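*Asks:* I have a structure here, written as structure tokens, and I will follow up with some questions on it.
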Amino acid sequence: MKTKFIEQEIKYTGLELAPHWIYRNFNLQGNAMVAFVGECDVKLTEMVDIEDVINNEPIYSKSMLSFILEHFNIGLIEGVIRQRLLICTIKETIEQLTAHCSRLTRKGDDLFIDGKKLSVSIATKSLTSVLIHVGINIDPSGAPVDAIGLNFLKNLDIKEFAQNVMVKYSQEIDDIILASTKVVGR
């Protein structure tokens, strides 16, 4: 799986969760994952999460670390499982890098610190692939829910954190695929 940390700020609006967006913008073809920092402002019209639309819950964060992934040749259920694997990888990485790990919890595909929402996450299916977005608040100012950000975790280097997450997730996916090739069917 190809990965890349994008140095320039990118505002996440939901339109980036589109087939081949990574390939068109960063020349990473195939299964790929990018991370970038920027404002997050997803209007209800751009939401793929119907529950959020029904509940009139747009997404906003002044600054967010976004991960966008595109996986080919898998179904949506496997995509949701990979989304959860990414959330667990992010949680594990935060726990390894900070002293606030006892206050970090996961519920489904969301992370919380002291009950405040740290992340947003969605997996969806396009005609060609499964797309995943996970956003981790850095500065949650303006969020429509009780939120917290990585700025709460002092001395966390965002780029290093993002790169660690991408390497661990990519290695895990590669290892899962390799493990599936070493068994004898009966």
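FYI, nothing fancy with the structure tokens labels: chains A, B, ... in order, residues from 1 per chain, ligands from 1 as they appear.
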If we count only C-alpha atoms, what is near region 2-8 of chain A at a cut-off of 8 Å, once residues fewer than 6 positions away on the same chain are taken out, given as a list in words?

*Replies:*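 Using only C-alpha atoms, the neighbours found are Leu28, Gly30, Asn31, Ala32, Met33, Val34, Ala35, Phe36, Val37, Lys159, Ala162, Gln163, Met166, Val167 and Ser170 of chain A.
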
*Asks:* Could the residues in this selection be written to a file with C-alpha atoms, as a PDB file, in the first residue's frame?

*Replies:*
```pdb
ATOM      1  CA  LEU A  28      -0.400   7.277  -6.094  1.00  0.00           C
ATOM      2  CA  GLY A  30      -3.840   1.594  -6.573  1.00  0.00           C
ATOM      3  CA  ASN A  31      -4.307   0.966  -2.869  1.00  0.00           C
ATOM      4  CA  ALA A  32      -3.127   4.187  -1.280  1.00  0.00           C
ATOM      5  CA  MET A  33      -3.327   6.354   1.810  1.00  0.00           C
ATOM      6  CA  VAL A  34      -2.551  10.035   2.282  1.00  0.00           C
ATOM      7  CA  ALA A  35      -2.525  12.255   5.343  1.00  0.00           C
ATOM      8  CA  PHE A  36      -2.738  16.034   5.516  1.00  0.00           C
ATOM      9  CA  VAL A  37      -3.615  18.840   7.911  1.00  0.00           C
ATOM     10  CA  LYS A 159       3.622  14.816  10.898  1.00  0.00           C
ATOM     11  CA  ALA A 162       0.658  10.647  10.870  1.00  0.00           C
ATOM     12  CA  GLN A 163       3.633   8.891   9.290  1.00  0.00           C
ATOM     13  CA  MET A 166       0.421   5.172   7.916  1.00  0.00           C
ATOM     14  CA  VAL A 167       3.426   2.854   8.232  1.00  0.00           C
ATOM     15  CA  SER A 170       0.152  -0.313   5.704  1.00  0.00           C
TER      16      SER A 170
END
```

*Asks:* What's the 8 Å shell around His20 (chain A), counting only C-alpha atoms, without same-chain residues fewer than 3 positions away, as a compact mmCIF listing (two decimals) with C-alpha atoms, in the first residue's frame?

*Replies:*
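result-v3.txt, written as the output of this step:
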```txt
# COMPACT_ATOMS: atom_id res chain seq x y z
CA TYR A 23 -4.21 9.15 -7.82
CA ARG A 24 -5.34 12.35 -9.60
CA GLN A 29 -2.14 4.60 -8.14
CA GLU A 70 -8.63 4.02 -1.22
```

*Asks:* Report the residues of region 1-58 of chain A whose backbone DSSP state falls under alpha helix (DSSP H), written as a ChimeraX atom specification.

*Replies:* /A:21-26,50-54

*Asks:* Any idea what's packed within 8 Å of Lys91 (chain A), counting only C-alpha atoms, ignoring anything in its chain fewer than 5 positions away? Could you give it as a ChimeraX atom specification?

*Replies:* /A:104-106,111

*Asks:* For the residues selected in the previous step, produce a file with N, CA and C atoms as a PDB file, in the first residue's frame.

*Replies:*
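Output (again01.pdb):
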```
ATOM      1  N   LEU A 104      -8.048   7.798  26.817  1.00  0.00           N
ATOM      2  CA  LEU A 104      -8.427   7.614  25.415  1.00  0.00           C
ATOM      3  C   LEU A 104      -9.258   6.341  25.284  1.00  0.00           C
ATOM      4  N   THR A 105     -10.432   6.470  24.692  1.00  0.00           N
ATOM      5  CA  THR A 105     -11.302   5.310  24.500  1.00  0.00           C
ATOM      6  C   THR A 105     -11.787   5.259  23.061  1.00  0.00           C
ATOM      7  N   ARG A 106     -12.180   4.057  22.652  1.00  0.00           N
ATOM      8  CA  ARG A 106     -12.745   3.849  21.320  1.00  0.00           C
ATOM      9  C   ARG A 106     -14.150   3.310  21.468  1.00  0.00           C
ATOM     10  N   LEU A 111     -12.984   7.867  18.343  1.00  0.00           N
ATOM     11  CA  LEU A 111     -12.091   7.963  19.489  1.00  0.00           C
ATOM     12  C   LEU A 111     -12.520   9.139  20.363  1.00  0.00           C
TER      13      LEU A 111
END
```

*Asks:* Pick out the closest residue to Asp146 (chain A) from this set: A:Glu51, A:Asp114, A:Glu92, A:Glu160. Count only C-alpha atoms.

*Replies:* A:Asp114

*Asks:* Report, in Å with one decimal, the straight-line distance from CA of Glu16 (chain A) to CA of Thr45 (chain A).

*Replies:*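 Taking CA of Glu16 (chain A) and CA of Thr45 (chain A), their separation equals 13.6 Å.
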
*Asks:* So, counting only C-alpha atoms, which residue among A:Leu127, A:Ile173, A:Ile94, A:Ile122 is closest to Leu153 (chain A)?

*Replies:* A:Ile94

*Asks:* Can you tell me, as a PyMOL selection string, which residues in region 15-182 of chain A count as strand (DSSP E) by DSSP?

*Replies:* chain A and resi 32-42+59-72+104-107+110-113+116-117+119-125+129-139

*Asks:* Restricting the calculation to only C-alpha atoms, which member of A:Asn27, A:Phe72, A:Asp157, A:Ile22 is positioned closest to Leu97 (chain A)?

*Replies:* A:Asp157

*Asks:* Which residue gives the smallest distance to Lys62 (chain A) among A:Ile138, A:Leu85, A:Val42, A:Val184, with only C-alpha atoms counted?

*Replies:*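 Ranked by minimum distance to Lys62 (chain A), first place goes to A:Ile138.
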
*Asks:* Can you pull out every residue within 10 Å of Ile148 (chain A), counting only C-alpha atoms, but drop anything in the same chain fewer than 3 positions away, and send it as a list in words?

*Replies:* Ser61, Phe112, Ile113, Asp114, Gly115, Lys116, Lys117, Leu118, Ser119, Ile136, Asn137, Ile138, Asp139, Pro140, Ser141, Ala143, Val145, Asn151, Phe152 and Leu153 of chain A

*Asks:* Can I get the selection written as a compact mmCIF listing (two decimals), in the first residue's frame, with C-alpha atoms?

*Replies:*
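Written output follows (out.txt):
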```
# COMPACT_ATOMS: atom_id res chain seq x y z
CA SER A 61 -12.96 21.52 13.03
CA PHE A 112 -12.75 9.99 22.64
CA ILE A 113 -10.65 11.59 25.36
CA ASP A 114 -12.53 12.19 28.62
CA GLY A 115 -15.78 11.64 26.70
CA LYS A 116 -14.97 14.39 24.19
CA LYS A 117 -14.90 13.43 20.52
CA LEU A 118 -11.40 13.26 19.03
CA SER A 119 -12.23 11.78 15.62
CA ILE A 136 -8.42 13.52 14.04
CA ASN A 137 -9.08 16.94 15.53
CA ILE A 138 -6.00 19.03 16.17
CA ASP A 139 -7.84 22.23 17.16
CA PRO A 140 -11.55 21.42 17.44
CA SER A 141 -12.64 25.07 17.71
CA ALA A 143 -16.98 21.81 16.32
CA VAL A 145 -20.19 18.59 19.28
CA ASN A 151 -3.33 19.97 20.71
CA PHE A 152 -4.48 18.66 24.11
CA LEU A 153 -1.70 16.08 23.92
```

*Asks:* What's around Asp52 (chain A) at 12 Å? Count only C-alpha atoms, leave out sequence neighbours fewer than 5 positions away in its own chain, and write the answer as a ChimeraX atom specification.

*Replies:* /A:42-47,57-59,120-122,144

*Asks:* Could you work out how far CA of Thr124 (chain A) lies from CA of Asp49 (chain A), giving the answer in Å with one decimal?

*Replies:*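 Spanning CA of Asp49 (chain A) to CA of Thr124 (chain A) is a straight-line distance of 8.6 Å.
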
*Asks:* Between A:Thr98, A:Thr128, A:Ile50, A:Ala18, which is the closest to Lys154 (chain A) once you count only C-alpha atoms?

*Replies:*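 Answer, going by the shortest atom-to-atom distance: A:Thr98.
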
*Asks:* Using only C-alpha atoms, determine which residues lie at most 7 Å from His71 (chain A), disregarding the query and same-chain residues fewer than 2 positions distant; provide the list as a list in words.

*Replies:*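 Close residues of His71 (chain A): Asn31, Ala32, Leu69, Asn73, Ile74, Ser129, Val130 and Leu131 of chain A.
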
*Asks:* As a VMD selection string, please: the residues near Asn164 (chain A) (cut-off 9 Å, only C-alpha atoms, same-chain neighbours under 5 positions excluded).

*Replies:* chain A and resid 90 93 159 169

*Asks:* CA of Arg84 (chain A) and CA of Lys125 (chain A), how far apart in Å?

*Replies:*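 A separation of 15.4 Å between them.
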